[in-house]
Each structure stands twice: as structure tokens, then as C-alpha cells.
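Engineer: The following block contains the structure, expressed as C-alpha cells.
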Amino acid sequence: MTRRFLPVLVVAFTSTALAQIGGDLRFCLRADPKTFDPLLVEDDNSEAVRYLTGGVLLRVNRVSQQFTPELAASWKVDEQGRRITFHLRHGVAFSDGTPFSADDVTYTMNRLMDPQLHSATADPFRSSSIPPRITQLSADTVSVTFGAPVSGLERLFDQVAILSAHSPRKLAAVLGPFQVAEYKPGIEVRLSRNPNYWKTDAGGRRLPYADQIHLQIQQNRDLELVRFRRGEIDLINSVDPEVFERLAHDAPSSVTDAGVSLESEMMWFNQAPSAPLPSYKKAWFASQAFRRAVSEGINRADLARIVFKGHAQPAAGPISPANRFWFNTTLRPHPFDVPSALRRLQEEGFQMRNGQLYDGGGHAVEFSILTNAGNRSRERMATMIQQDLTALGMRVNVVTLDFPSLLERMTQTFQYEACLLGLTNLDLDPGAQMNVWLSSAANHQWNPNQKSAATPWEAEIDRLMRRQASELRPEARKRLFDRVQQIVWEQEPFLYLVNKDSLMALSPQLQNTAPAAVAPQAYWNIEVLRKSSQLAGNR
Amino acid sequence: MTARRLFAIAALGLLLATSFGAGLLPKFSYSAQHREFTDAAPSLRFPLGTDELGRDRMARLLSATRVSLVFAAAASLGALILAALIGGVAGYCGGWCDRALVHGIDLMLSLPWLFLLLAVRALLPLNAAPLTSLLATYALLALLGWASPARVVRAGVRSLRDSEFVLQARAEGVTELRILLRHVLPNLRPILLAQFWTSIPLFILTEANLGFLGLSAGEPFPTWGSLLRELQDPLLVRPEAFAPVAAIALSVVCFKLLSPRGGYQV
């Protein structure tokens, strides 16, 4: 698999008459970055800095969702899927002028894989017991050989920012569009333009356009919003539907709905055998008919329309339609169908008496839905589900807990009945979801850490996930993962509720914006973002 | 009775009468979701409009008023009984018993209430009905809110114990139980009443804090605190959404007006 690309980035220009080169961009981080070492990034704020400053060998284009060449002009994955060979771009230098070469890639990969570093970025590279071997084949060619075949090998390199092996400035020398110029804890991270950044626009002008980026530390989202409305910041990467609607009402050009995102909201019933629940409740939750009936009793369209103000769509399964390649297009969200749900329950031995549902043993059907306090969208969804399920004769208690207490119940004591939470897929590839779908996994939330698969369908998912992980042909992997999605749709261990839209606020002054569903949604193309001169002069 | 106290009684009476009266009306439901009328402006059908789920704000406010006033008063009474027992024993017995109980009171006062409430509430059974969880919340408030009144009660009892009329009764051979019941307790009434009236707004505000954090009664049961959550929206411009703030402020002011001024006389 060899790919060759033109070395020049083609940029679409709009309103060039209004635009100027340069200027400062401003937006907020929720907290201080925990590290400026790109190999030690674990939090969103550090990730933002890494994205803006780090140069990578290849990048997943956030709009097309295809791999695009960056520091590697081309690459090749061998037929066994165990080795990837990068041919590096020539004439590239770090921000301090140190030339970029294969030494830097080798140095970075060796440092990344150093067990003493404890890098979370390295975890996906450790899929087998044998650590990857890095070989420098020439001054511009490097190969990385894995102990076992790795499907979707390229995606691992999207987050590996290359460090300099020779620069005296060490971590401060970067290959990305910006470099860290100043850090005032609790106030701001100021990034300045990398004068040696290798990309140019179609006119041959060196990118990035912006001179500086001010990443202002602002934990309070309300204040962030106020500052955006005052024009003190240029974008908010993610806004709530209510805020979006109100901003849209006041200034329609300042908000963008980039369409469905990778985020989904879901609920599940606790099926852990060790859960301290009555046996009759465990029997309900283990029943596929019961789960399907609850699913059909939920009006997902109303959830999307009311809770998310129409900026969401009913979800069908674990993969959002935003994930273009991996989404199983044959799946449809379960319809809101109370008669069908009641029929299923009746067939399962449940009976309705005076508006209350009873199981075969005469137990009234009542359960609690747990969600995290403070998340108003989830609380509203739970309240709507509570009302929806009264039509099935189910009494639902909505319980909100602070997140640490919720997490303890979910992962340690299993003292809960149903839980409503959200899921954000950061990685498009299903390989990243092994820790959810394998029955032995800790994040197999409805029944985690199984010694052997508890049900035949979970055993089948185990088999399919393992097969797709060792399968190299994308189409074959897709077929296997489509089947996983189909089983999840049928069995509903997770009741997927909605896929949220990617909502953001962008200053009308910003040009060349291309909002995406994948993080970082608003500024993934930071190197070409700029502000119009006329409007900028008003500040 | 002063004019301010008359005003307070009239205002609280009106609040309670309206909220209880509304509870008797059919179709005046605090939980019904009118999903086609979400975030509706005030109208004849919905005098305070509807919330984000299409629920009648007026029905929710009146239900919350009923709940918050009655439960806060009940919690205040519970806390007062505990305070009277503990403070009374400490003040009347004196000696090591007094010292131990005073240390206990100091310990309770030094606890971070809110965090303690959060921690204890997390231990409650999840399947509790909304009303039960609200009862548990107020019971917790009563269990945690006795310390401050207990200190005042103790001081009052100590003062009464050493008063001349009690000494005289004791000298005349009156039993300790009779002294306690006939001489001390009746003279404590102003203190207890003052503590009762001052504790109610405290509990109202504490529940409002918990409710604002989403940790009071479960949905769909409304309390003043849970209604305040609507105000978390920084861009909310609807004045009718501020009705719970007005109700809380009015009731807290009324309870303050009802509290005896100038301390108490023994």
C-alpha cells in the first residue's frame, strides 16, 4: 500500500479581499495543560497544545477522514501488517532551525517506547508482548516493525509528535505550525508562529497565517461564552444546544452545526452477576426482550428534539454516522413503538395491572436510572425516559450522583440498576474499542471482566473483534465490525439513544473555517485559519 | 403583635394556602410533560410558561413551595428536638457530661456540611422514590443541623439551672425532674421558638443548594432548589423563570421576621 502526494497543501480561499495575513487568534482551554511533553499527553488541554505545536508523520484529515501525509511524504505497510516504512519529507526544519531527519523519528519512537516514560500515547503500540522495533534504513527512511500484525496501523501515528534528537532546545523545538512562546499558569498559553513550518499555501506563502494563538485558561464555560459574545475570543470548540440556540438567535453567523459527531448518549442495565440486586431484577436485565421493550418504549426523536434542540439524531448503534467508513448503514434506530414493546413484555411473561407492569413472579417493575449530577442534558433525558416508560407500566426513579460516587458504583460495587452516560469516540477505528466489546474487558460496562463470555452473542462479538483486529483488508474488517454492530443492535446491551451534533461557535471574523465532526472540530485546520482585516480592526 | 410579624404570617399563610389549594386541582400536574409546548412563554394555560421539558412552571413552583415549606419546618422541628435533648442534658448535668457533649457539638459545627451531605446522600438506596429521597434529604438536614441550636439551648439551660428561682425550688426539696419539667422547660420556650424559626430558612437554603447541584429530590419531584437549576443557563432571559428565587426570598424574609428579636428573656 503505497501513497504519494503532492508536497504542497492546496487551500481554498474565501473573501480574500477582506483578509490579511497575520493577526492573533484567541480561544480557551478548560484548565492548564498538565504537560508540554507531547509524548506524555493524557488530558484534553495538553492534547490541544500538542495538536497545535506537534508535527506528525501522517494525519487523519478531520473532514475526509482519510490519512494525509505530513512529515512522511509517503509510507508503506507490508502485506503482513507488521511493518510500516516511512519515507520522510526533505527540506523540513524544526522551529529552531535544526534540520529534520530520520534520526528524529528514531529518537522519538525509542523515547515513546521507553517503559520508564509511562506514555499513554505508547499504549496502542503495545498490542503484542514484543515491543515495536524501530529501524533507520537511510537518512530519510524509517521503519517500525511490530511483534504481531496490527490492523489500521497508520492511525497510531496520528498522535505521535516528532521530537528533535539534536536540537539544544529539546522539547521546545517543534515541527507543528506553532511553538509555545509563553506560559502563564492559570492565565494563558501563548503560541507563536513556527517560522520554519514546512507547509505553504497554493500561492506559495508559508503557513500558518496567524502570528499567535492565545490559549486562555478558562474553566468557567459561562465566562467563556460571555467573552465570545464580547468578541474577546474567536471560537468555542464545543457548545451546548441551549447556548447554540441562543447564540444562533442573536448572531446566526457565529454558530455552526457541523452535523452529527462521534459522541453518543446511551443507557444500559447492570448485568454483572456480582451486582447486589434481587435475582428477579437480574433476570429482567438479562432478558433481551425486556431490553428491547424498554428501547422501543423510548421516544428518541423527542430526546433529540427537546433535550438537544434538534441538534442530535436518534442513534442506531455504537458507531455514529459521522464515522463514515465504519458505520453500518443497514442499521436504523429502534422505533418508538409502545404496542410492540408491550407485546414483547407480554410474551416474556410480564403483565399489566392497573397501569403497573408486573413480572411473572408478581414483582412490580421498578428500577432506577443513574446519571451524573450536573449534566443537565442527561438529567433531562432520564426524566423524559421516566415519563416514556410509564406507558409500559414501569416505574423509573431518576438518581443523580456526583461523578466519583457514580463511578464507584459502576466499576467497584456494581450497586446500580441502569445507568445513562455518554461516550466519545476519539478514534475512528474500531480497534480502539476492543476495551469495550471484549467480554473480558473492564469497560464492557453491562458485565465487565468476564472470565469467559456469559452469553453466546458476547462470545460471537469476542470472536469477531479478535478477527477484525488481525485482519488487514479494510473491507473484510468492515464486514466483521458490521456484524458486531448488528449483534449490538439486536441484543441492546447498550441502548443507544442519540448521536449529538458537533456544535461550535466561530467568530464571523474567522476565515477558512471547515468545521468537522472529529476533534478538534473547530481548529483542526489551524494553519489556514485567519481573521479578516476589516473586522479585526474593530477590536 | 407587630406589623412585620403580621405581614410575615399573612405572606406565609398565603403561600401555603395557594400551594395546598393548587395541589387539590386535577390536571394541575407538576410532572406532565407537554412536549409540544417546551419553553413556552406565559399564557392563560401556563401562567409562568413551561420549562425545557414542557412542564407547567406554575404547577411545579406551587408544588415545590408546599414541599419546601412543610419539610423545612419538619426538619427544623426534628433538629430542635435533638438540640433540646443534647443541649439540655449538657447544660443541666454539667461536669464531664457537659464537656463531652460540648466537644461533640464543636465537632459537628466544624464539619463541612455540604460535603457531608453529599457523601451521606451518595450512600442512600438508589431505588428510593422521589418523595422518599426528599424525606431522607431533610432527615439528614435535621440530623446534621442540631448542633448550633444545641449550643444555644445549653447556654440557656445552664443559666436557668443556676438561677435563683431554681435554687429556691431545689432548697425547698422539689425533685430534679419536677424542676426540669415545671421550671426549666417552660422558661426555655422562647429560646426553642427562636431556634425553630431561625432554622427553617437555614434548611430551606441548604436544600436549595443541594437542589441546585441536582442532589435533592429525584425527578420529576420539584423543590425550590431543583427549580433554581433552570437559572444555570447563562443566557436565560425569561423573568418568569426567576419566580422560585422570589418565593425563596419571600419565605426566608418572612421566617426572619417571625424570629424573636433581641434574644430571649429568662
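Labels for the C-alpha cells follow display order: chains A, B, ..., residues from 1 in each chain, ligands from 1.
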Near chain B, meaning an atom within 6 Å, which residues of chain A appear when counting only C-alpha atoms? Write them as a list in words.
Structural biologist: Ser368, Ala373, Val398 and Val399 of chain A
Engineer: What's the 10 Å shell around B:Arg161, counting only C-alpha atoms, without same-chain residues fewer than 4 positions away, as a CSV table (one decimal) with N, CA and C atoms, in the first residue's frame?
Structural biologist:
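File selection-v5.csv, as written:
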```csv
chain,number,residue,atom,x,y,z
B,91,GLY,N,-26.3,21.1,79.5
B,91,GLY,CA,-26.4,22.3,80.3
B,91,GLY,C,-26.8,22.0,81.7
B,92,TYR,N,-27.7,21.0,81.8
B,92,TYR,CA,-28.3,20.7,83.1
B,92,TYR,C,-27.3,19.8,84.0
B,93,CYS,N,-26.7,18.8,83.3
B,93,CYS,CA,-25.8,17.9,84.1
B,93,CYS,C,-24.5,18.6,84.4
B,94,GLY,N,-23.9,19.3,83.5
B,94,GLY,CA,-22.6,20.0,83.7
B,94,GLY,C,-21.5,18.9,83.8
B,155,ALA,N,-26.6,26.9,76.7
B,155,ALA,CA,-26.3,28.1,77.5
B,155,ALA,C,-27.5,28.5,78.3
B,156,GLY,N,-28.7,28.4,77.6
B,156,GLY,CA,-30.0,28.8,78.3
B,156,GLY,C,-30.2,27.9,79.5
B,157,VAL,N,-30.0,26.6,79.4
B,157,VAL,CA,-30.3,25.7,80.5
B,157,VAL,C,-29.3,25.9,81.6
B,165,PHE,N,-34.5,31.2,91.2
B,165,PHE,CA,-35.8,30.5,91.5
B,165,PHE,C,-35.6,29.0,91.4
B,166,VAL,N,-34.7,28.5,90.6
B,166,VAL,CA,-34.4,27.1,90.6
B,166,VAL,C,-33.7,26.7,91.9
B,167,LEU,N,-32.8,27.5,92.4
B,167,LEU,CA,-32.1,27.3,93.6
B,167,LEU,C,-33.1,27.2,94.8
B,179,ILE,N,-38.3,20.0,88.7
B,179,ILE,CA,-37.6,21.3,88.4
B,179,ILE,C,-37.4,21.4,86.9
B,180,LEU,N,-37.0,20.3,86.3
B,180,LEU,CA,-36.8,20.3,84.8
B,180,LEU,C,-38.1,20.6,84.0
B,183,HIS,N,-40.0,24.1,85.8
B,183,HIS,CA,-39.3,25.4,85.9
B,183,HIS,C,-38.4,25.7,84.7
B,184,VAL,N,-37.6,24.7,84.3
B,184,VAL,CA,-36.6,24.9,83.3
B,184,VAL,C,-37.3,25.0,81.9
```
Engineer: In Å, how far is it from atom CA of A:Val239 to atom CA of A:Gly186?
Structural biologist: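 Atom-to-atom, atom CA of A:Val239 and atom CA of A:Gly186 are spaced 21.9 Å apart.
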Engineer: Looking at A:Val56, A:Val518, A:Ile134, A:Ala418, which one is nearest to A:Asp103, with distances taken over only C-alpha atoms?
Structural biologist: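 Smallest separation from A:Asp103 among the options: A:Ile134.
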Engineer: Any idea what's packed within 12 Å of B:Leu77, counting only C-alpha atoms, ignoring anything in its chain fewer than 3 positions away? Could you give it as a PyMOL selection string?
Structural biologist: chain B and resi 70-74+80-84+138-139+141-143+145-146+149+192-200+203
Engineer: Could you write out the selected residues, including N, CA and C atoms, as a compact mmCIF listing (two decimals), in the first residue's frame?
Structural biologist:
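Result file is part.txt:
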```txt
# COMPACT_ATOMS: atom_id res chain seq x y z
N VAL B 70 -43.16 22.85 54.17
CA VAL B 70 -43.56 21.84 55.15
C VAL B 70 -42.34 21.02 55.60
N PHE B 71 -41.53 20.61 54.66
CA PHE B 71 -40.41 19.74 55.02
C PHE B 71 -39.34 20.51 55.80
N ALA B 72 -39.14 21.76 55.43
CA ALA B 72 -38.14 22.54 56.17
C ALA B 72 -38.59 22.74 57.61
N ALA B 73 -39.90 22.98 57.79
CA ALA B 73 -40.42 23.14 59.15
C ALA B 73 -40.28 21.84 59.93
N ALA B 74 -40.57 20.72 59.25
CA ALA B 74 -40.45 19.43 59.93
C ALA B 74 -39.00 19.15 60.31
N LEU B 80 -34.56 20.62 66.30
CA LEU B 80 -34.78 21.29 67.59
C LEU B 80 -34.94 20.26 68.72
N ILE B 81 -35.64 19.18 68.44
CA ILE B 81 -35.81 18.13 69.46
C ILE B 81 -34.44 17.57 69.85
N LEU B 82 -33.61 17.31 68.82
CA LEU B 82 -32.25 16.81 69.11
C LEU B 82 -31.45 17.84 69.90
N ALA B 83 -31.58 19.08 69.47
CA ALA B 83 -30.83 20.16 70.14
C ALA B 83 -31.28 20.30 71.59
N ALA B 84 -32.59 20.19 71.82
CA ALA B 84 -33.11 20.33 73.18
C ALA B 84 -32.60 19.20 74.06
N TYR B 138 -34.12 15.79 53.96
CA TYR B 138 -34.47 16.66 55.10
C TYR B 138 -34.15 15.99 56.43
N ALA B 139 -34.28 14.66 56.48
CA ALA B 139 -33.90 13.96 57.72
C ALA B 139 -32.41 14.15 57.98
N LEU B 141 -30.69 16.69 56.98
CA LEU B 141 -30.52 18.08 57.41
C LEU B 141 -30.81 18.21 58.90
N ALA B 142 -31.87 17.52 59.35
CA ALA B 142 -32.21 17.59 60.77
C ALA B 142 -31.12 16.94 61.61
N LEU B 143 -30.60 15.80 61.12
CA LEU B 143 -29.56 15.09 61.88
C LEU B 143 -28.26 15.89 61.97
N GLY B 145 -28.21 19.31 61.57
CA GLY B 145 -28.43 20.73 61.87
C GLY B 145 -28.75 21.05 63.31
N TRP B 146 -28.56 20.09 64.21
CA TRP B 146 -28.94 20.31 65.61
C TRP B 146 -27.86 21.03 66.41
N PRO B 149 -28.24 25.05 67.32
CA PRO B 149 -29.25 25.31 68.35
C PRO B 149 -28.91 24.66 69.70
N LEU B 192 -36.31 28.02 72.37
CA LEU B 192 -36.63 26.97 71.40
C LEU B 192 -37.41 27.54 70.21
N LEU B 193 -38.32 28.43 70.51
CA LEU B 193 -39.09 29.03 69.41
C LEU B 193 -38.17 29.83 68.48
N ALA B 194 -37.27 30.59 69.10
CA ALA B 194 -36.34 31.39 68.28
C ALA B 194 -35.50 30.48 67.39
N GLN B 195 -35.04 29.38 67.98
CA GLN B 195 -34.22 28.45 67.19
C GLN B 195 -35.03 27.78 66.09
N PHE B 196 -36.29 27.50 66.39
CA PHE B 196 -37.15 26.88 65.38
C PHE B 196 -37.31 27.80 64.17
N TRP B 197 -37.65 29.05 64.44
CA TRP B 197 -37.88 29.98 63.32
C TRP B 197 -36.60 30.29 62.55
N THR B 198 -35.48 30.32 63.25
CA THR B 198 -34.23 30.66 62.53
C THR B 198 -33.69 29.45 61.75
N SER B 199 -34.05 28.24 62.18
CA SER B 199 -33.55 27.05 61.47
C SER B 199 -34.27 26.82 60.15
N ILE B 200 -35.54 27.20 60.10
CA ILE B 200 -36.31 26.90 58.87
C ILE B 200 -35.66 27.54 57.63
N PHE B 203 -32.58 25.66 56.60
CA PHE B 203 -32.82 24.39 55.90
C PHE B 203 -33.34 24.63 54.49
```
Engineer: Within 10 Å of A:Phe67, counting only C-alpha atoms, which residues qualify if same-chain residues fewer than 3 places away don't, as number ranges by chain?
Structural biologist: A: 3, 58-62, 64, 70, 154-155, 158
Engineer: How would the residues just chosen look if you wrote them out with all heavy atoms as an mmCIF file, in the first residue's frame?
Structural biologist:
```cif
data_model
loop_
_atom_site.group_PDB
_atom_site.id
_atom_site.type_symbol
_atom_site.label_atom_id
_atom_site.label_comp_id
_atom_site.auth_asym_id
_atom_site.auth_seq_id
_atom_site.Cartn_x
_atom_site.Cartn_y
_atom_site.Cartn_z
ATOM 1 N N ARG A 3 1.418 5.296 -1.022
ATOM 2 C CA ARG A 3 0.693 6.511 -1.383
ATOM 3 C C ARG A 3 1.691 7.628 -1.609
ATOM 4 O O ARG A 3 2.646 7.789 -0.880
ATOM 5 C CB ARG A 3 -0.264 6.921 -0.271
ATOM 6 C CG ARG A 3 -1.286 5.858 0.011
ATOM 7 C CD ARG A 3 -2.187 6.298 1.080
ATOM 8 N NE ARG A 3 -3.100 5.185 1.393
ATOM 9 C CZ ARG A 3 -4.161 5.295 2.137
ATOM 10 N NH1 ARG A 3 -4.484 6.439 2.655
ATOM 11 N NH2 ARG A 3 -4.917 4.265 2.381
ATOM 12 N N LEU A 58 1.974 11.385 9.774
ATOM 13 C CA LEU A 58 0.759 11.415 8.948
ATOM 14 C C LEU A 58 -0.396 11.829 9.829
ATOM 15 O O LEU A 58 -0.330 11.731 11.046
ATOM 16 C CB LEU A 58 0.504 10.060 8.288
ATOM 17 C CG LEU A 58 0.467 8.826 9.192
ATOM 18 C CD1 LEU A 58 -0.918 8.619 9.750
ATOM 19 C CD2 LEU A 58 0.896 7.606 8.392
ATOM 20 N N ARG A 59 -1.448 12.288 9.216
ATOM 21 C CA ARG A 59 -2.562 12.846 9.976
ATOM 22 C C ARG A 59 -3.876 12.334 9.384
ATOM 23 O O ARG A 59 -3.982 12.177 8.162
ATOM 24 C CB ARG A 59 -2.495 14.370 9.858
ATOM 25 C CG ARG A 59 -3.504 15.160 10.603
ATOM 26 C CD ARG A 59 -3.281 15.201 12.086
ATOM 27 N NE ARG A 59 -2.459 16.289 12.549
ATOM 28 C CZ ARG A 59 -1.966 16.350 13.792
ATOM 29 N NH1 ARG A 59 -2.185 15.379 14.654
ATOM 30 N NH2 ARG A 59 -1.250 17.381 14.178
ATOM 31 N N VAL A 60 -4.848 12.085 10.248
ATOM 32 C CA VAL A 60 -6.190 11.788 9.750
ATOM 33 C C VAL A 60 -6.856 13.122 9.463
ATOM 34 O O VAL A 60 -7.019 13.945 10.357
ATOM 35 C CB VAL A 60 -7.014 11.006 10.796
ATOM 36 C CG1 VAL A 60 -8.445 10.786 10.292
ATOM 37 C CG2 VAL A 60 -6.359 9.686 11.122
ATOM 38 N N ASN A 61 -7.208 13.333 8.210
ATOM 39 C CA ASN A 61 -7.928 14.556 7.860
ATOM 40 C C ASN A 61 -9.298 14.522 8.530
ATOM 41 O O ASN A 61 -10.057 13.581 8.354
ATOM 42 C CB ASN A 61 -8.077 14.643 6.328
ATOM 43 C CG ASN A 61 -8.787 15.908 5.898
ATOM 44 O OD1 ASN A 61 -9.936 16.121 6.233
ATOM 45 N ND2 ASN A 61 -8.081 16.734 5.149
ATOM 46 N N ARG A 62 -9.610 15.557 9.308
ATOM 47 C CA ARG A 62 -10.813 15.527 10.137
ATOM 48 C C ARG A 62 -12.094 15.634 9.304
ATOM 49 O O ARG A 62 -13.178 15.319 9.799
ATOM 50 C CB ARG A 62 -10.767 16.650 11.151
ATOM 51 C CG ARG A 62 -10.189 16.304 12.522
ATOM 52 C CD ARG A 62 -8.929 15.498 12.511
ATOM 53 N NE ARG A 62 -8.431 15.239 13.868
ATOM 54 C CZ ARG A 62 -7.352 14.578 14.167
ATOM 55 N NH1 ARG A 62 -6.602 14.027 13.209
ATOM 56 N NH2 ARG A 62 -6.973 14.395 15.416
ATOM 57 N N SER A 64 -12.273 14.627 5.628
ATOM 58 C CA SER A 64 -12.367 13.486 4.707
ATOM 59 C C SER A 64 -12.200 12.159 5.444
ATOM 60 O O SER A 64 -12.572 11.108 4.940
ATOM 61 C CB SER A 64 -11.300 13.599 3.618
ATOM 62 O OG SER A 64 -10.019 13.411 4.188
ATOM 63 N N GLU A 70 2.144 14.054 6.171
ATOM 64 C CA GLU A 70 2.656 15.252 6.834
ATOM 65 C C GLU A 70 4.170 15.202 6.712
ATOM 66 O O GLU A 70 4.695 15.472 5.638
ATOM 67 C CB GLU A 70 2.187 15.291 8.293
ATOM 68 C CG GLU A 70 0.689 15.483 8.431
ATOM 69 C CD GLU A 70 0.255 16.943 8.371
ATOM 70 O OE1 GLU A 70 0.927 17.787 8.979
ATOM 71 O OE2 GLU A 70 -0.752 17.240 7.699
ATOM 72 N N GLU A 154 -1.676 2.666 10.470
ATOM 73 C CA GLU A 154 -1.325 4.085 10.261
ATOM 74 C C GLU A 154 -1.896 4.997 11.336
ATOM 75 O O GLU A 154 -1.280 5.966 11.754
ATOM 76 C CB GLU A 154 -1.848 4.574 8.898
ATOM 77 C CG GLU A 154 -1.244 3.875 7.707
ATOM 78 C CD GLU A 154 -2.167 2.806 7.161
ATOM 79 O OE1 GLU A 154 -2.770 2.084 7.990
ATOM 80 O OE2 GLU A 154 -2.283 2.669 5.934
ATOM 81 N N ARG A 155 -3.115 4.650 11.813
ATOM 82 C CA ARG A 155 -3.804 5.557 12.738
ATOM 83 C C ARG A 155 -3.004 5.804 14.001
ATOM 84 O O ARG A 155 -3.164 6.835 14.657
ATOM 85 C CB ARG A 155 -5.184 5.001 13.083
ATOM 86 C CG ARG A 155 -5.131 3.790 13.974
ATOM 87 C CD ARG A 155 -6.466 3.107 14.150
ATOM 88 N NE ARG A 155 -6.250 1.761 14.649
ATOM 89 C CZ ARG A 155 -6.121 1.462 15.921
ATOM 90 N NH1 ARG A 155 -6.170 2.398 16.827
ATOM 91 N NH2 ARG A 155 -5.922 0.212 16.300
ATOM 92 N N ASP A 158 -1.004 9.181 14.192
ATOM 93 C CA ASP A 158 -1.674 10.489 14.138
ATOM 94 C C ASP A 158 -1.353 11.330 15.376
ATOM 95 O O ASP A 158 -1.431 12.552 15.337
ATOM 96 C CB ASP A 158 -3.190 10.270 14.024
ATOM 97 C CG ASP A 158 -3.977 11.578 14.007
ATOM 98 O OD1 ASP A 158 -3.996 12.214 12.952
ATOM 99 O OD2 ASP A 158 -4.540 11.943 15.045
#
```
Engineer: As an MDAnalysis selection string, please: every residue in stretch 252-423 of chain A that a backbone DSSP assignment puts in strand (DSSP E).
Structural biologist: chainID A and resid 255:269 312:314 351:353 356:358 366:372 395:401 418:423
